[in-house]
>>> print(open('coords_35.txt').read())   # compact mmCIF, C-alpha atoms
# COMPACT_ATOMS: atom_id res chain seq x y z
CA MET A 1 47.45 106.70 103.15
CA GLU A 2 45.58 108.15 106.11
CA LYS A 3 46.00 110.76 108.83
CA LEU A 4 45.85 109.58 112.42
CA THR A 5 45.51 111.64 115.60
CA LEU A 6 48.27 110.68 118.05
CA THR A 7 49.43 111.65 121.51
CA GLU A 8 52.27 114.19 121.47
CA ARG A 9 55.51 113.44 123.28
CA PRO A 10 55.21 115.50 126.48
CA THR A 11 58.77 116.87 126.30
CA TRP A 12 59.26 117.22 122.56
CA ARG A 13 59.79 120.98 122.73
CA GLU A 14 62.53 120.53 125.32
CA LYS A 15 64.15 117.95 123.06
CA ALA A 16 63.88 120.29 120.10
CA GLU A 17 65.57 123.08 122.03
CA GLU A 18 68.30 120.74 123.27
CA LEU A 19 69.01 119.58 119.72
CA GLY A 20 69.04 123.07 118.25
CA PHE A 21 65.71 122.72 116.42
CA THR A 22 64.97 126.38 117.17
CA PHE A 23 62.35 126.83 114.46
CA ALA A 24 59.95 124.11 115.66
CA ASP A 25 57.60 127.01 116.44
CA MET A 26 57.69 130.12 114.27
CA HIS A 27 55.91 133.44 114.72
CA GLY A 28 53.73 132.02 117.47
CA GLU A 29 52.52 129.12 115.33
CA PRO A 30 53.62 125.46 115.33
CA TYR A 31 55.85 124.48 112.44
CA TRP A 32 56.62 120.97 113.68
CA ASP A 33 53.23 119.38 114.52
CA GLU A 34 53.00 115.87 115.95
CA THR A 35 49.37 115.99 117.13
CA SER A 36 48.76 113.73 114.15
CA ALA A 37 50.80 111.83 111.59
CA TYR A 38 50.40 110.34 108.13
CA ARG A 39 50.39 106.56 107.77
CA PHE A 40 51.48 104.89 104.54
CA THR A 41 51.59 101.30 103.44
CA LEU A 42 54.88 99.89 102.20
CA ARG A 43 53.38 99.49 98.72
CA GLU A 44 52.41 103.16 98.62
CA ILE A 45 55.93 104.18 99.60
CA GLU A 46 57.79 101.87 97.23
CA ASP A 47 55.51 101.87 94.19
CA ASP A 48 53.91 105.31 94.29
CA LEU A 49 56.69 107.51 95.72
CA GLU A 50 60.16 105.94 95.83
CA ASP A 51 60.24 104.35 92.38
CA PRO A 52 58.59 107.32 90.57
CA ALA A 53 60.97 109.78 92.25
CA THR A 54 63.97 107.76 91.12
CA GLU A 55 62.59 107.64 87.56
CA LEU A 56 61.81 111.36 87.57
CA HIS A 57 65.35 112.10 88.65
CA GLU A 58 66.68 110.33 85.55
CA MET A 59 64.17 112.25 83.42
CA CYS A 60 65.41 115.51 84.93
CA ARG A 61 68.99 114.63 84.07
CA ALA A 62 67.90 113.95 80.51
CA ALA A 63 66.25 117.37 80.52
CA VAL A 64 69.51 119.03 81.61
CA ALA A 65 71.29 117.50 78.62
CA GLU A 66 68.64 119.03 76.34
CA ILE A 67 68.50 122.43 78.02
CA VAL A 68 72.24 123.19 78.09
CA GLN A 69 72.38 122.66 74.30
CA SER A 70 69.42 124.97 73.57
CA GLU A 71 69.84 128.74 73.42
CA ASP A 72 66.05 129.10 73.47
CA LEU A 73 65.64 127.04 76.64
CA MET A 74 68.62 128.63 78.42
CA THR A 75 67.02 132.00 77.68
CA ARG A 76 63.56 130.89 78.76
CA LEU A 77 64.92 129.52 82.02
CA GLY A 78 66.54 132.85 82.81
CA VAL A 79 70.17 131.72 82.82
CA PRO A 80 72.30 134.86 82.24
CA HIS A 81 73.99 134.61 78.85
CA ALA A 82 77.39 135.39 80.35
CA HIS A 83 77.20 132.14 82.35
CA TRP A 84 75.79 129.71 79.79
CA ASP A 85 79.20 128.12 79.36
CA LEU A 86 79.66 127.82 83.13
CA VAL A 87 76.41 125.88 83.44
CA ALA A 88 77.03 123.71 80.35
CA GLU A 89 80.63 122.90 81.33
CA SER A 90 79.51 121.94 84.84
CA TRP A 91 77.17 119.38 83.28
CA GLN A 92 79.70 118.14 80.75
CA ARG A 93 82.35 117.65 83.46
CA GLY A 94 79.88 115.66 85.54
CA ASP A 95 80.13 117.93 88.57
CA PRO A 96 78.47 115.90 91.35
CA GLU A 97 75.12 116.59 92.96
CA ILE A 98 74.22 115.86 96.56
CA TYR A 99 70.49 116.24 97.08
CA GLY A 100 67.11 117.55 95.92
CA ARG A 101 63.42 117.28 96.80
CA PHE A 102 60.47 116.47 94.56
CA ASP A 103 57.15 117.85 95.78
CA PHE A 104 54.21 115.59 95.00
CA ALA A 105 50.45 115.78 95.17
CA TYR A 106 49.42 112.32 96.39
CA ASP A 107 46.32 110.89 98.04
CA GLY A 108 47.15 107.20 98.28
CA GLN A 109 44.96 106.34 95.28
CA GLY A 110 46.28 107.60 91.94
CA PRO A 111 49.84 108.21 90.74
CA ALA A 112 51.79 110.89 92.60
CA LYS A 113 51.88 114.07 90.51
CA LEU A 114 55.01 116.22 90.36
CA LEU A 115 54.31 119.80 91.44
CA GLU A 116 57.91 121.01 91.29
CA TYR A 117 61.52 119.98 91.85
CA ASN A 118 63.50 121.79 94.54
CA ALA A 119 66.83 120.79 93.05
CA ASP A 120 69.21 123.41 94.44
CA THR A 121 68.41 124.73 97.94
CA PRO A 122 65.60 122.61 99.48
CA THR A 123 65.12 123.09 103.19
CA SER A 124 63.19 120.99 105.78
CA LEU A 125 66.14 118.58 105.60
CA TYR A 126 66.82 118.42 109.35
CA GLU A 127 63.24 117.74 110.32
CA SER A 128 62.93 115.12 107.55
CA ALA A 129 66.20 113.31 108.17
CA SER A 130 66.57 113.57 111.92
CA PHE A 131 63.78 114.93 114.08
CA GLN A 132 61.00 112.82 112.59
CA TRP A 133 63.12 109.67 113.02
CA LEU A 134 63.59 110.56 116.70
CA TRP A 135 59.80 111.00 116.87
CA LEU A 136 59.31 107.48 115.49
CA GLU A 137 61.70 105.91 118.00
CA ASP A 138 60.20 107.79 120.94
CA GLN A 139 56.61 106.99 119.97
CA ILE A 140 57.37 103.28 119.56
CA ALA A 141 59.08 103.26 122.95
CA ALA A 142 56.07 105.03 124.49
CA GLY A 143 53.59 102.58 122.96
CA VAL A 144 51.91 105.27 120.86
CA LEU A 145 53.15 103.48 117.74
CA ARG A 146 53.55 99.72 117.37
CA GLU A 147 56.70 97.65 117.34
CA GLY A 148 57.33 97.04 113.67
CA ASP A 149 56.10 100.45 112.52
CA ASP A 150 58.68 101.99 110.25
CA GLN A 151 59.44 105.21 108.39
CA PHE A 152 60.71 105.92 104.88
CA ASN A 153 63.79 107.71 106.07
CA GLY A 154 67.32 106.72 105.19
CA ILE A 155 68.22 110.31 104.36
CA HIS A 156 71.09 110.77 106.84
CA GLU A 157 72.67 107.43 105.98
CA ALA A 158 72.37 108.18 102.26
CA LEU A 159 74.04 111.57 102.73
CA VAL A 160 76.93 109.97 104.63
CA GLU A 161 77.44 107.43 101.85
CA ARG A 162 77.15 110.12 99.17
CA PHE A 163 79.88 112.24 100.78
CA ARG A 164 82.03 109.15 101.34
CA ALA A 165 81.70 108.16 97.68
CA LEU A 166 82.65 111.62 96.39
CA PHE A 167 85.50 112.73 98.66
CA ALA A 168 88.60 111.13 100.13
CA PRO A 169 88.81 110.93 103.95
CA GLY A 170 90.11 114.16 105.45
CA THR A 171 88.91 116.37 102.59
CA ASP A 172 87.81 119.78 103.84
CA LEU A 173 84.34 120.99 102.85
CA HIS A 174 82.81 124.38 103.58
CA PHE A 175 79.11 124.91 104.24
CA ALA A 176 77.52 128.35 103.97
CA ALA A 177 74.08 129.78 104.68
CA ALA A 178 72.44 133.08 105.54
CA ALA A 179 73.37 134.17 109.06
CA ASP A 180 69.88 135.21 110.10
CA SER A 181 68.01 132.03 109.09
CA PRO A 182 67.83 129.23 111.68
CA GLU A 183 66.10 126.99 109.11
CA ASP A 184 68.92 127.46 106.59
CA TYR A 185 71.53 126.82 109.27
CA GLY A 186 69.69 123.65 110.26
CA THR A 187 69.90 122.45 106.67
CA VAL A 188 73.63 123.04 106.23
CA GLU A 189 74.43 121.65 109.69
CA THR A 190 72.54 118.47 108.75
CA MET A 191 74.75 118.27 105.67
CA ALA A 192 77.89 118.97 107.70
CA TRP A 193 76.93 116.34 110.26
CA ALA A 194 76.78 113.74 107.50
CA ALA A 195 80.10 114.93 106.06
CA ARG A 196 81.82 114.58 109.43
CA GLU A 197 80.46 111.05 109.78
CA ALA A 198 82.02 110.34 106.37
CA ASP A 199 85.42 111.39 107.86
CA LEU A 200 85.49 114.74 106.09
CA GLY A 201 86.30 118.16 107.49
CA ALA A 202 83.22 120.39 107.69
CA HIS A 203 83.52 124.13 108.26
CA TYR A 204 80.58 126.51 108.53
CA SER A 205 80.64 130.13 107.35
CA ASP A 206 77.98 132.80 107.04
CA LEU A 207 77.39 133.59 103.39
CA GLU A 208 78.13 137.28 103.84
CA LYS A 209 81.54 136.47 105.36
CA LEU A 210 82.84 134.66 102.28
CA GLY A 211 85.38 136.60 100.25
CA ILE A 212 87.78 136.55 97.31
CA SER A 213 91.53 136.34 97.81
CA THR A 214 93.98 138.52 95.89
CA ASP A 215 94.55 135.63 93.46
CA GLY A 216 90.84 135.09 92.88
CA GLN A 217 90.08 132.14 95.16
CA PHE A 218 87.11 131.89 97.51
CA ILE A 219 88.05 132.26 101.17
CA ASP A 220 86.17 132.04 104.46
CA SER A 221 86.17 134.49 107.37
CA GLU A 222 89.48 133.02 108.62
CA ASP A 223 91.11 133.45 105.19
CA ARG A 224 91.11 129.71 104.53
CA VAL A 225 90.92 128.84 100.83
CA ILE A 226 87.67 127.04 99.97
CA GLY A 227 88.15 124.04 97.71
CA THR A 228 84.59 122.68 97.97
CA LEU A 229 81.61 124.81 98.95
CA PHE A 230 78.07 123.73 99.72
CA LYS A 231 76.12 126.97 99.51
CA LEU A 232 72.49 127.34 100.49
CA TYR A 233 72.17 130.21 98.07
CA PRO A 234 70.08 129.89 94.88
CA TRP A 235 71.90 129.71 91.58
CA GLU A 236 69.53 132.25 90.05
CA ASP A 237 70.83 134.77 92.61
CA LEU A 238 74.47 133.68 92.54
CA LEU A 239 74.67 133.98 88.75
CA ARG A 240 73.63 137.62 89.09
CA ASP A 241 76.08 138.30 91.91
CA ASP A 242 79.54 139.84 91.49
CA TYR A 243 81.02 136.59 92.83
CA ALA A 244 79.79 134.82 89.68
CA ASP A 245 82.61 136.42 87.70
CA HIS A 246 85.08 134.31 89.70
CA LEU A 247 83.29 130.96 89.51
CA ARG A 248 85.17 129.60 86.48
CA THR A 249 88.64 130.54 87.77
CA ALA A 250 88.44 130.15 91.56
CA GLY A 251 89.11 126.40 91.50
CA CYS A 252 86.19 125.77 93.84
CA LEU A 253 83.82 122.81 93.44
CA MET A 254 80.30 124.11 94.06
CA LEU A 255 77.60 122.03 95.68
CA GLU A 256 74.98 121.97 94.33
CA PRO A 257 76.70 122.23 90.89
CA ALA A 258 76.00 125.01 88.40
CA TRP A 259 73.96 122.71 86.15
CA LYS A 260 71.34 122.58 88.90
CA ALA A 261 70.47 126.15 87.80
CA VAL A 262 68.30 124.64 85.06
CA LEU A 263 66.53 122.22 87.40
CA SER A 264 65.84 124.57 90.32
CA ASN A 265 63.54 126.46 88.01
CA LYS A 266 59.84 126.08 87.21
CA GLY A 267 60.78 126.24 83.53
CA LEU A 268 61.81 122.60 83.98
CA LEU A 269 58.12 121.62 84.14
CA PRO A 270 57.20 122.45 80.51
CA VAL A 271 60.51 120.97 79.33
CA LEU A 272 59.69 117.68 81.05
CA TRP A 273 56.20 117.70 79.51
CA ARG A 274 57.67 118.30 76.03
CA MET A 275 60.05 115.39 76.47
CA PHE A 276 57.78 112.95 78.32
CA GLU A 277 54.23 114.00 77.45
CA GLY A 278 51.67 111.75 79.12
CA HIS A 279 53.97 110.36 81.80
CA PRO A 280 51.76 109.32 84.73
CA ASN A 281 53.71 111.35 87.29
CA LEU A 282 53.74 114.58 85.26
CA LEU A 283 51.11 117.29 84.90
CA PRO A 284 50.76 119.08 81.55
CA ALA A 285 52.83 122.28 81.67
CA PHE A 286 53.74 125.07 79.23
CA PHE A 287 55.55 128.38 79.14
CA GLU A 288 52.80 130.91 79.78
CA ASP A 289 53.57 133.13 76.81
CA GLU A 290 53.14 130.16 74.45
CA VAL A 291 49.57 129.46 75.56
CA ALA A 292 48.32 132.80 76.96
CA GLU A 293 45.99 133.43 74.02
CA ALA A 294 44.52 129.95 74.23
CA LEU A 295 44.01 130.27 78.01
CA ALA A 296 42.16 133.51 77.37
CA GLY A 297 39.91 131.80 74.82
CA ARG A 298 41.50 133.51 71.83
CA GLY A 299 42.74 130.60 69.76
CA SER A 300 43.59 126.96 70.26
CA GLY A 301 47.32 127.19 71.00
CA PRO A 302 50.05 124.66 70.14
CA GLU A 303 49.08 121.07 69.35
CA ALA A 304 50.42 119.82 72.67
CA PHE A 305 48.23 122.33 74.48
CA GLN A 306 45.21 121.26 72.42
CA ARG A 307 45.77 117.69 73.62
CA ALA A 308 45.67 118.95 77.22
CA SER A 309 42.92 121.54 76.71
CA ASP A 310 40.27 119.58 78.62
CA VAL A 311 42.54 119.38 81.66
CA PHE A 312 43.36 123.09 81.50
CA ALA A 313 39.67 123.94 81.13
CA GLN A 314 39.20 122.52 84.63
CA GLY A 315 42.01 124.56 86.17
CA HIS A 316 45.63 125.60 86.03
CA VAL A 317 48.38 127.04 88.21
CA SER A 318 50.52 130.01 87.17
CA LYS A 319 54.05 129.98 88.62
CA PRO A 320 57.07 132.27 88.15
CA ILE A 321 60.13 130.42 86.90
CA PHE A 322 61.89 131.61 90.07
CA SER A 323 59.87 131.29 93.25
CA ARG A 324 60.32 129.99 96.78
CA GLU A 325 57.73 128.72 99.29
CA GLY A 326 54.81 129.25 96.93
CA ALA A 327 55.44 132.98 96.46
CA SER A 328 53.60 134.65 93.54
CA VAL A 329 51.76 131.41 92.68
CA ARG A 330 48.17 131.72 91.46
CA ILE A 331 45.54 128.99 91.06
CA PHE A 332 42.73 129.28 88.51
CA GLU A 333 39.66 127.09 88.30
CA GLN A 334 37.52 127.16 85.15
CA GLY A 335 39.20 130.41 84.13
CA LYS A 336 38.61 132.24 87.42
CA LEU A 337 41.19 133.06 90.09
CA LEU A 338 40.70 130.62 92.94
CA GLU A 339 43.62 131.46 95.21
CA SER A 340 46.85 133.48 95.12
CA ALA A 341 49.84 133.42 97.42
CA PRO A 342 50.01 136.29 99.92
CA ASP A 343 53.72 136.70 99.14
CA ALA A 344 54.00 138.37 95.71
CA GLY A 345 57.77 138.80 95.74
CA TYR A 346 58.48 137.10 92.39
CA GLU A 347 56.02 138.91 90.14
CA GLU A 348 58.69 140.28 87.77
CA HIS A 349 59.73 136.86 86.45
CA PRO A 350 58.39 134.99 83.40
CA ARG A 351 55.84 132.33 84.23
CA VAL A 352 54.83 128.78 83.42
CA VAL A 353 51.37 127.27 83.63
CA GLN A 354 50.70 123.79 84.92
CA ALA A 355 47.46 121.79 85.01
CA TYR A 356 45.86 122.13 88.44
CA GLN A 357 46.01 119.02 90.61
CA PRO A 358 43.99 119.71 93.79
CA LEU A 359 45.71 118.45 96.92
CA PRO A 360 43.84 115.88 99.00
CA ILE A 361 42.18 117.17 102.16
CA PHE A 362 42.72 115.47 105.53
CA GLU A 363 40.88 117.09 108.45
CA GLY A 364 40.91 120.45 106.69
CA PHE A 365 44.62 120.33 105.77
CA ARG A 366 46.17 119.76 102.35
CA PRO A 367 49.42 117.74 102.44
CA VAL A 368 52.33 117.79 100.01
CA VAL A 369 54.78 114.88 99.98
CA GLY A 370 58.42 115.88 99.69
CA ALA A 371 60.51 113.02 98.26
CA TRP A 372 64.20 113.45 99.06
CA MET A 373 66.78 112.49 96.45
CA VAL A 374 70.36 111.81 97.53
CA GLY A 375 72.55 111.22 94.51
CA ALA A 376 70.38 109.21 92.11
CA SER A 377 68.20 107.48 94.71
CA CYS A 378 65.11 108.45 96.68
CA ALA A 379 66.08 108.18 100.36
CA GLY A 380 62.98 109.29 102.28
CA ILE A 381 60.06 111.68 102.52
CA GLY A 382 58.90 114.66 104.56
CA MET A 383 55.33 115.94 104.78
CA ARG A 384 54.11 119.54 104.79
CA GLU A 385 50.47 120.56 105.13
CA ASP A 386 48.42 123.76 105.08
CA ARG A 387 44.78 124.80 105.13
CA ALA A 388 45.53 126.91 102.06
CA ARG A 389 45.86 125.37 98.61
CA ILE A 390 49.36 126.83 98.22
CA THR A 391 52.07 125.41 100.48
CA GLN A 392 54.01 128.29 102.05
CA ASP A 393 56.97 128.94 104.34
CA LEU A 394 54.97 128.42 107.56
CA SER A 395 53.09 125.33 106.38
CA ARG A 396 53.32 122.67 109.07
CA PHE A 397 55.73 119.75 108.99
CA LYS A 398 54.07 116.44 109.84
CA PRO A 399 55.80 113.16 110.70
CA HIS A 400 54.89 109.94 108.93
CA PHE A 401 55.18 106.20 109.49
CA ILE A 402 54.71 102.95 107.57
CA ARG A 403 52.29 100.30 108.72
CA ASP A 404 50.72 97.56 106.58
>>> encode(input="coords_35.txt", output="structure tokens")
Amino acid sequence: MEKLTLTERPTWREKAEELGFTFADMHGEPYWDETSAYRFTLREIEDDLEDPATELHEMCRAAVAEIVQSEDLMTRLGVPHAHWDLVAESWQRGDPEIYGRFDFAYDGQGPAKLLEYNADTPTSLYESASFQWLWLEDQIAAGVLREGDDQFNGIHEALVERFRALFAPGTDLHFAAAADSPEDYGTVETMAWAAREADLGAHYSDLEKLGISTDGQFIDSEDRVIGTLFKLYPWEDLLRDDYADHLRTAGCLMLEPAWKAVLSNKGLLPVLWRMFEGHPNLLPAFFEDEVAEALAGRGSGPEAFQRASDVFAQGHVSKPIFSREGASVRIFEQGKLLESAPDAGYEEHPRVVQAYQPLPIFEGFRPVVGAWMVGASCAGIGMREDRARITQDLSRFKPHFIRD
């Protein structure tokens, strides 16, 4: 794994505008950045990222089976008691999932370490699946990259096959996102594009324009009944919304399914460590209230924490169970606050602590590898980098390629 400086495509911004990639620059700063790119070997991709992501996905499914049977864990993960049955029944029915994104710390040397699982509403899908593939093709054609260079990116094709496997041709699907978020719209339109290629109907609606019919069904702004809804709206918010009272009776298949509420949650991290302690792709993690005294030097804590005490003595990260784009995350090194996120919007939530895995540094930037899951398989990666230790909403997206 290395970072290489490359010539930009001279008209990439015009292409972005033409394709509707309206958030390639945000707030006067580049979001998409192709002045350099990350190179991987095929072994690094297959052995260190693709295979571990696929294994972690199976581990996460095993964790769901444990969590939905545990009142303690459902409480710890903040699932409202009124909707425990909704979440558990969604899992027991086998309601299908479409996608998710594991975020890894990886430097090309040791095992990739799981930082978190964005299992419900991950964005950066369009730039991962589409725009970086266009970059690869253009740069090969221009001679900036070599013939034979490749990219770990079968995301669009995997989405098409996933939709085709789940729904009969002609089935109507609805896709909803916040009206004022170009990035969210880009994500759902990428999904809808794949659905259309799978011979499905794909209808977009702003989230705030969805409604409830007189007989309790979900309807769109044109009063069409919604049978299947992909909503880019977090389950932790939806389960506290008035619409949640209709979820069990509306006859609407939700994508992602309700059981993803226990995966799109930092509380998953200590559950995984309990179940798979010592796994090479996991970092030790605990619910903060279970180890707070030990972290403060007042006691030794649970036995599992004692086994990880040397690692935690070096550093740890404190994360709210609900958080997006690094908000309210704090990093401690040898007991002292090293860095905190400027966005503190999730301070009211319970927290987990995770052993600190410093990100590698390439030319002053710290990259995170996002490994995209479609169904049960890892289909590609996207790279984000930042000068800060905490990846945030404006962290840059970087393309990647494979060359042995």
>>> atom_distance(input="coords_35.txt", atom1="CA of Lys319 (chain A)", atom2="CA of Leu114 (chain A)")
13.9 Å
>>> closest_residue(input="coords_35.txt", among="A:Tyr346, A:Trp273, A:Trp259, A:Phe287", to="Trp91 (chain A)", atoms="all atoms listed in the file")
A:Trp259
>>> closest_residue(input="coords_35.txt", among="A:Val291, A:Ala65, A:Ala129, A:Leu134", to="Gly94 (chain A)", atoms="all atoms listed in the file")
A:Ala65
>>> residues_around(input="coords_35.txt", residues="Asp242 (chain A)", least_positions_apart="5", cutoff="12 Å", atoms="only C-alpha atoms", output="list in words")
Gly211, Ile212, Asp237 and Leu247 of chain A
>>> residues_around(input="coords_35.txt", residues="Trp12 (chain A)", least_positions_apart="5", cutoff="12 Å", atoms="all atoms listed in the file", output="list in words")
Thr7, Glu17, Glu18, Leu19, Phe21, Ala24, Asp25, Trp32, Asp33, Glu34, Thr35, Phe131, Gln132, Leu134, Trp135, Asp138 and Gln139 of chain A
>>> atom_distance(input="coords_35.txt", atom1="CA of Leu159 (chain A)", atom2="CA of Trp193 (chain A)")
9.4 Å
>>> residues_around(input="coords_35.txt", residues="Glu183 (chain A)", least_positions_apart="3", cutoff="8 Å", atoms="all atoms listed in the file", output="tab-separated table (two decimals) with C-alpha atoms, in the coordinates of the input")
chain	number	residue	atom	x	y	z
A	23	PHE	CA	62.35	126.83	114.46
A	123	THR	CA	65.12	123.09	103.19
A	124	SER	CA	63.19	120.99	105.78
A	186	GLY	CA	69.69	123.65	110.26
A	187	THR	CA	69.90	122.45	106.67
>>> residues_near_point(input="coords_35.txt", point="(65.2, 108.0, 110.5)", cutoff="6 Å", atoms="only C-alpha atoms", output="number ranges by chain")
A: 129-130, 133, 153-154
>>> write_last_selection(input="coords_35.txt", atoms="C-alpha atoms", output="PDB file, in the frame of the given file")
ATOM      1  CA  ALA A 129      66.200 113.310 108.170  1.00  0.00           C
ATOM      2  CA  SER A 130      66.570 113.570 111.920  1.00  0.00           C
ATOM      3  CA  TRP A 133      63.120 109.670 113.020  1.00  0.00           C
ATOM      4  CA  ASN A 153      63.790 107.710 106.070  1.00  0.00           C
ATOM      5  CA  GLY A 154      67.320 106.720 105.190  1.00  0.00           C
TER       6      GLY A 154
END
>>> atom_distance(input="coords_35.txt", atom1="CA of Gly297 (chain A)", atom2="CA of Ala341 (chain A)")
24.7 Å
>>> residues_around(input="coords_35.txt", residues="Phe218 (chain A)", least_positions_apart="3", cutoff="8 Å", atoms="only C-alpha atoms", output="PDB file with C-alpha atoms, keeping the file's coordinate frame")
ATOM      1  CA  LEU A 210      82.840 134.660 102.280  1.00  0.00           C
ATOM      2  CA  GLY A 211      85.380 136.600 100.250  1.00  0.00           C
ATOM      3  CA  ILE A 212      87.780 136.550  97.310  1.00  0.00           C
ATOM      4  CA  SER A 213      91.530 136.340  97.810  1.00  0.00           C
ATOM      5  CA  VAL A 225      90.920 128.840 100.830  1.00  0.00           C
ATOM      6  CA  ILE A 226      87.670 127.040  99.970  1.00  0.00           C
ATOM      7  CA  GLY A 227      88.150 124.040  97.710  1.00  0.00           C
ATOM      8  CA  ALA A 250      88.440 130.150  91.560  1.00  0.00           C
ATOM      9  CA  CYS A 252      86.190 125.770  93.840  1.00  0.00           C
TER      10      CYS A 252
END
>>> residues_near_point(input="coords_35.txt", point="(74.3, 132.2, 106.0)", cutoff="8 Å", atoms="all atoms listed in the file", output="list of chain:residue names")
A:Ala176, A:Ala177, A:Ala178, A:Ala179, A:Asp180, A:Ser181, A:Asp184, A:Tyr185, A:Ser205, A:Asp206, A:Leu207, A:Glu208, A:Leu232
>>> residues_around(input="coords_35.txt", residues="Asn281 (chain A)", least_positions_apart="4", cutoff="10 Å", atoms="only C-alpha atoms", output="ChimeraX atom specification")
/A:48-49,52-53,55-56,104-105,110-115,276
>>> closest_residue(input="coords_35.txt", among="A:Gly345, A:Ala258, A:Leu272, A:Asp85", to="Glu58 (chain A)", atoms="only C-alpha atoms")
A:Leu272
>>> closest_residue(input="coords_35.txt", among="A:Ala285, A:Ile45, A:Leu6, A:Ile155", to="Ala308 (chain A)", atoms="only C-alpha atoms")
A:Ala285
>>> closest_residue(input="coords_35.txt", among="A:Met373, A:Cys378, A:Met383, A:Leu86", to="Arg248 (chain A)", atoms="only C-alpha atoms")
A:Leu86
>>> closest_residue(input="coords_35.txt", among="A:Leu282, A:Met191, A:Leu238, A:Leu200", to="Pro270 (chain A)", atoms="only C-alpha atoms")
A:Leu282
